[in-house]
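With compact mmCIF, C-alpha atoms inside, this is coords.txt:
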# COMPACT_ATOMS: atom_id res chain seq x y z
CA LYS A 1 66.42 -5.77 -18.38
CA ARG A 2 62.93 -4.47 -17.49
CA PRO A 3 59.77 -6.44 -18.48
CA PRO A 4 57.26 -4.67 -20.75
CA ALA A 5 54.44 -2.76 -19.03
CA SER A 6 51.80 -5.22 -20.19
CA VAL A 7 53.39 -8.15 -18.34
CA PHE A 8 52.14 -8.62 -14.77
CA VAL A 9 54.76 -9.61 -12.22
CA PRO A 10 53.24 -10.79 -8.91
CA VAL A 11 54.88 -9.41 -5.79
CA ARG A 12 54.93 -11.56 -2.68
CA PRO A 13 55.30 -9.98 0.73
CA PRO A 14 58.39 -10.97 2.70
CA PRO A 15 57.98 -14.15 4.84
CA HIS A 16 58.08 -12.31 8.17
CA ARG A 17 55.01 -10.25 7.04
CA LEU A 18 52.98 -13.37 6.23
CA GLN A 19 53.07 -14.50 9.85
CA THR A 20 51.74 -11.26 11.29
CA MET A 21 48.87 -10.79 8.80
CA GLY A 22 45.34 -11.77 9.91
CA ALA A 23 45.03 -12.68 13.58
CA ALA A 24 47.79 -11.12 15.61
CA GLN A 25 50.74 -13.57 15.70
CA GLY A 26 48.59 -16.69 15.28
CA ARG A 27 46.05 -15.85 17.99
CA VAL A 28 42.36 -16.17 17.10
CA ALA A 29 40.18 -13.10 17.63
CA ARG A 30 37.18 -13.83 19.82
CA CYS A 31 34.08 -11.77 20.52
CA GLU A 32 32.87 -11.95 24.07
CA GLY A 33 29.07 -11.58 23.98
CA MET A 34 27.11 -9.39 21.63
CA PRO A 35 28.26 -5.81 21.09
CA SER A 36 26.16 -3.31 22.99
CA PRO A 37 26.01 0.46 23.37
CA ASP A 38 27.93 0.10 26.65
CA SER A 39 30.78 -1.95 25.17
CA HIS A 40 30.95 -0.13 21.78
CA PRO A 41 29.58 3.42 22.15
CA GLU A 42 31.01 4.54 18.79
CA ALA A 43 29.06 1.82 16.96
CA PHE A 44 25.71 2.79 18.52
CA PRO A 45 25.52 6.60 18.56
CA GLU A 46 21.73 6.56 18.37
CA TYR A 47 21.55 4.85 21.77
CA VAL A 48 24.43 6.75 23.38
CA LYS A 49 23.08 10.15 22.29
CA GLN A 50 19.43 9.10 22.82
CA VAL A 51 18.41 9.76 19.21
CA PRO A 52 15.97 7.08 17.97
CA LEU A 53 16.06 6.21 14.28
CA THR A 54 12.44 5.07 14.03
CA PRO A 55 9.25 5.45 16.08
CA LYS A 56 9.43 1.72 16.87
CA MET A 57 12.94 2.10 18.27
CA ASP A 58 11.79 5.11 20.31
CA LYS A 59 8.91 3.12 21.76
CA GLU A 60 11.02 0.04 22.58
CA ALA A 61 13.86 2.03 24.18
CA GLY A 62 11.47 4.33 26.03
CA MET A 63 13.17 7.52 24.83
CA LYS A 64 9.81 9.26 24.27
CA LEU A 65 11.06 11.68 21.63
CA TYR A 66 8.42 10.87 19.00
CA LYS A 67 5.04 12.46 19.52
CA LYS A 68 3.19 9.68 17.65
CA TYR A 69 4.27 6.16 16.83
CA ASP A 70 1.88 5.55 13.96
CA GLU A 71 2.03 7.37 10.66
CA ALA A 72 -1.75 7.34 10.33
CA GLN A 73 -3.97 9.40 12.53
CA GLY A 74 -6.88 7.77 14.22
CA PRO A 75 -10.44 9.07 14.46
CA PHE A 76 -9.95 10.56 17.96
CA PRO A 77 -8.01 13.65 19.09
CA GLU A 78 -4.48 13.44 20.53
CA THR A 79 -5.70 13.19 24.11
CA PHE A 80 -7.21 9.80 23.20
CA ASP A 81 -4.11 8.62 21.34
CA PHE A 82 -4.06 5.34 23.28
CA VAL A 83 -7.38 4.46 21.62
CA ASN A 84 -6.03 5.44 18.19
CA GLN A 85 -3.12 3.05 18.67
CA LEU A 86 -5.54 0.18 19.31
CA LYS A 87 -6.66 0.58 15.68
CA ILE A 88 -10.32 0.19 16.46
CA THR A 89 -11.17 1.66 13.07
CA GLU A 90 -8.94 0.78 10.17
CA GLU A 91 -8.16 3.40 7.58
CA GLN A 92 -10.69 3.03 4.86
CA ILE A 93 -8.85 3.61 1.63
CA ASN A 94 -10.93 2.40 -1.25
CA GLN A 95 -8.58 1.22 -3.96
CA THR A 96 -11.03 -0.54 -6.21
CA TYR A 97 -10.92 0.05 -9.94
CA GLU A 98 -14.38 1.60 -10.03
CA HIS A 99 -13.59 4.01 -7.19
CA ASN A 100 -10.45 5.31 -8.89
CA LEU A 101 -12.03 5.36 -12.35
CA ALA A 102 -14.59 7.85 -11.09
CA PHE A 103 -11.81 10.44 -10.79
CA HIS A 104 -10.96 10.13 -14.51
CA ALA A 105 -14.19 9.29 -16.29
CA PRO A 106 -17.91 9.34 -15.55
CA LEU A 107 -19.05 5.85 -14.49
CA ASP A 108 -22.39 6.20 -16.26
CA GLY A 109 -20.66 7.06 -19.52
CA ASN A 110 -20.45 10.28 -21.47
CA LYS A 111 -23.57 12.40 -21.76
CA LYS A 112 -25.39 11.74 -25.03
CA PRO A 113 -25.76 14.76 -27.27
CA ALA A 114 -29.29 15.92 -27.94
CA HIS A 115 -30.04 15.98 -31.65
CA SER A 116 -33.31 17.67 -32.53
CA THR A 117 -33.85 15.53 -35.63
CA SER A 118 -32.68 12.16 -36.83
CA TRP A 119 -30.93 13.61 -39.89
CA GLU A 120 -28.69 15.73 -37.61
CA ARG A 121 -27.67 12.59 -35.75
CA LEU A 122 -27.04 10.75 -39.05
CA VAL A 123 -24.88 13.60 -40.40
CA ALA A 124 -22.91 13.70 -37.14
CA TYR A 125 -22.49 9.92 -37.32
CA HIS A 126 -21.41 10.07 -40.96
CA HIS A 127 -18.70 12.67 -40.19
CA GLY A 128 -17.48 10.86 -37.05
CA LEU A 129 -18.81 13.42 -34.58
CA TYR A 130 -21.33 11.01 -33.07
CA VAL A 131 -20.04 7.55 -32.18
CA PRO A 132 -22.73 5.66 -30.22
CA GLU A 133 -20.20 3.37 -28.49
CA THR A 134 -18.63 6.32 -26.65
CA TYR A 135 -21.88 7.02 -24.81
CA GLN A 136 -22.33 3.70 -23.02
CA SER A 137 -21.49 3.14 -19.36
CA THR A 138 -17.90 2.30 -18.44
CA LYS A 139 -16.82 -1.29 -17.92
CA THR A 140 -16.30 -2.62 -14.42
CA ALA A 141 -13.19 -4.51 -13.32
CA ASP A 142 -15.07 -7.81 -13.66
CA ASP A 143 -16.21 -6.95 -17.18
CA ILE A 144 -12.62 -6.19 -18.14
CA ARG A 145 -11.29 -9.36 -16.53
CA LEU A 146 -13.85 -11.51 -18.37
CA ALA A 147 -13.28 -9.77 -21.71
CA VAL A 148 -9.50 -10.16 -21.44
CA ALA A 149 -9.82 -13.82 -20.43
CA ASP A 150 -12.12 -14.49 -23.40
CA PHE A 151 -9.81 -12.65 -25.79
CA SER A 152 -6.77 -14.45 -24.39
CA GLU A 153 -8.45 -17.82 -24.86
CA ARG A 154 -9.31 -16.97 -28.47
CA VAL A 155 -5.77 -15.80 -29.25
CA HIS A 156 -4.24 -18.94 -27.72
CA ARG A 157 -6.67 -21.11 -29.68
CA ASP A 158 -6.26 -19.29 -33.03
CA THR A 159 -2.50 -18.73 -33.05
CA PRO A 160 -0.86 -20.93 -30.40
CA LYS A 161 2.68 -20.54 -31.80
CA ASP A 162 2.57 -16.81 -32.51
CA ALA A 163 5.39 -14.95 -30.78
CA CYS A 164 3.35 -11.74 -30.55
CA LYS A 165 0.24 -13.19 -28.95
CA TYR A 166 1.19 -11.88 -25.50
CA LEU A 167 1.60 -8.38 -26.91
CA GLN A 168 -1.88 -8.63 -28.43
CA ILE A 169 -3.33 -9.71 -25.09
CA GLU A 170 -1.56 -6.88 -23.21
CA GLU A 171 -2.75 -4.34 -25.78
CA PHE A 172 -6.32 -5.58 -25.38
CA ARG A 173 -6.01 -5.46 -21.58
CA CYS A 174 -4.60 -1.92 -21.73
CA LEU A 175 -7.34 -0.72 -24.08
CA ASN A 176 -10.02 -2.15 -21.81
CA VAL A 177 -8.51 -0.72 -18.64
CA TYR A 178 -8.43 2.75 -20.19
CA GLN A 179 -11.99 2.34 -21.50
CA TYR A 180 -11.30 2.45 -25.24
CA GLU A 181 -15.00 2.49 -26.09
CA THR A 182 -15.93 5.51 -23.99
CA GLN A 183 -12.54 7.29 -24.16
CA PRO A 184 -10.81 6.30 -27.40
CA GLN A 185 -8.29 9.17 -27.38
CA VAL A 186 -7.10 8.46 -23.84
CA ALA A 187 -6.80 4.72 -24.49
CA ALA A 188 -4.91 5.35 -27.73
CA LYS A 189 -2.35 7.50 -25.90
CA LYS A 190 -1.91 5.11 -22.99
CA CYS A 191 -1.71 1.92 -25.05
CA MET A 192 0.47 3.09 -27.92
CA LYS A 193 3.46 1.07 -26.66
CA TRP A 194 1.57 -2.20 -27.16
CA TRP A 195 0.37 -1.33 -30.65
CA ASN A 196 3.69 0.01 -31.95
structure tokens encoding of this file:
Amino acid sequence: KRPPASVFVPVRPPPHRLQTMGAAQGRVARCEGMPSPDSHPEAFPEYVKQVPLTPKMDKEAGMKLYKKYDEAQGPFPETFDFVNQLKITEEQINQTYEHNLAFHAPLDGNKKPAHSTSWERLVAYHHGLYVPETYQSTKTADDIRLAVADFSERVHRDTPKDACKYLQIEEFRCLNVYQYETQPQVAAKKCMKWWN
């Protein structure tokens, strides 16, 4: 009688197979020294065929197939490449908040509209076309850090057991980073995930 398909029947190999599995006939396999391109050419085709994988490998093995070893170019032409590799001048990539913000928004704030009379300004203000807060200078990274720290302290003090307090803090941080006072539409788009 055959067992049902759902029943698992383990199958053991015959006893003579158990002795030959693993190390050949009870002998222990030993590695003599570290493998090298000379002893195992199939394992190291990059060395056998002289094809370096990285500029560092090319430099260490002396294959001289890479033209330059550094990804960054130095200030001098290729004839003075030895000086460029000394890294006398570091690449000056300015990654500060204020430097990058200048690409997206004017640092001095939006240009104020010129109203010829005060009643024009008041009508524009009444209809939401003139919002004075949008014409102030943008906040610096330190201003944002201090404002977020102050807001965070107030939230922790007012509602210490609120589960959503961290979402409030992240929303406030996001709004400040995207300059909600000078660019309310941009900040609203970028920070919608924290408000929703």
Just the residues within 12 Å of range 156-172 of chain A, please, counting all atoms listed in the file, with nothing from its chain fewer than 3 positions along; format it as a PDB file with C-alpha atoms, in the frame of the given file.
ATOM      1  CA  ILE A 144     -12.620  -6.190 -18.140  1.00  0.00           C
ATOM      2  CA  ARG A 145     -11.290  -9.360 -16.530  1.00  0.00           C
ATOM      3  CA  LEU A 146     -13.850 -11.510 -18.370  1.00  0.00           C
ATOM      4  CA  ALA A 147     -13.280  -9.770 -21.710  1.00  0.00           C
ATOM      5  CA  VAL A 148      -9.500 -10.160 -21.440  1.00  0.00           C
ATOM      6  CA  ALA A 149      -9.820 -13.820 -20.430  1.00  0.00           C
ATOM      7  CA  ASP A 150     -12.120 -14.490 -23.400  1.00  0.00           C
ATOM      8  CA  PHE A 151      -9.810 -12.650 -25.790  1.00  0.00           C
ATOM      9  CA  SER A 152      -6.770 -14.450 -24.390  1.00  0.00           C
ATOM     10  CA  GLU A 153      -8.450 -17.820 -24.860  1.00  0.00           C
ATOM     11  CA  LEU A 175      -7.340  -0.720 -24.080  1.00  0.00           C
ATOM     12  CA  ASN A 176     -10.020  -2.150 -21.810  1.00  0.00           C
ATOM     13  CA  VAL A 177      -8.510  -0.720 -18.640  1.00  0.00           C
ATOM     14  CA  TYR A 178      -8.430   2.750 -20.190  1.00  0.00           C
ATOM     15  CA  GLN A 179     -11.990   2.340 -21.500  1.00  0.00           C
ATOM     16  CA  TYR A 180     -11.300   2.450 -25.240  1.00  0.00           C
ATOM     17  CA  GLU A 181     -15.000   2.490 -26.090  1.00  0.00           C
ATOM     18  CA  ALA A 187      -6.800   4.720 -24.490  1.00  0.00           C
ATOM     19  CA  ALA A 188      -4.910   5.350 -27.730  1.00  0.00           C
ATOM     20  CA  LYS A 189      -2.350   7.500 -25.900  1.00  0.00           C
ATOM     21  CA  LYS A 190      -1.910   5.110 -22.990  1.00  0.00           C
ATOM     22  CA  CYS A 191      -1.710   1.920 -25.050  1.00  0.00           C
ATOM     23  CA  MET A 192       0.470   3.090 -27.920  1.00  0.00           C
ATOM     24  CA  LYS A 193       3.460   1.070 -26.660  1.00  0.00           C
ATOM     25  CA  TRP A 194       1.570  -2.200 -27.160  1.00  0.00           C
ATOM     26  CA  TRP A 195       0.370  -1.330 -30.650  1.00  0.00           C
ATOM     27  CA  ASN A 196       3.690   0.010 -31.950  1.00  0.00           C
TER      28      ASN A 196
END
Which residues come within 9 Å of Thr140 in chain A, counting all atoms listed in the file, excluding same-chain residues fewer than 5 positions away, as a PDB file with C-alpha atoms, in the coordinates of the input?
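Final output, saved to out-v2.pdb:
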ATOM      1  CA  TYR A  97     -10.920   0.050  -9.940  1.00  0.00           C
ATOM      2  CA  GLU A  98     -14.380   1.600 -10.030  1.00  0.00           C
ATOM      3  CA  LEU A 107     -19.050   5.850 -14.490  1.00  0.00           C
ATOM      4  CA  ARG A 145     -11.290  -9.360 -16.530  1.00  0.00           C
TER       5      ARG A 145
END
Checklist entry - Please, what distance in Å, to one decimal, runs between CA of Val155 in chain A and CA of Ala105 in chain A? => result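 Distance between the two atoms: 29.5 Å.
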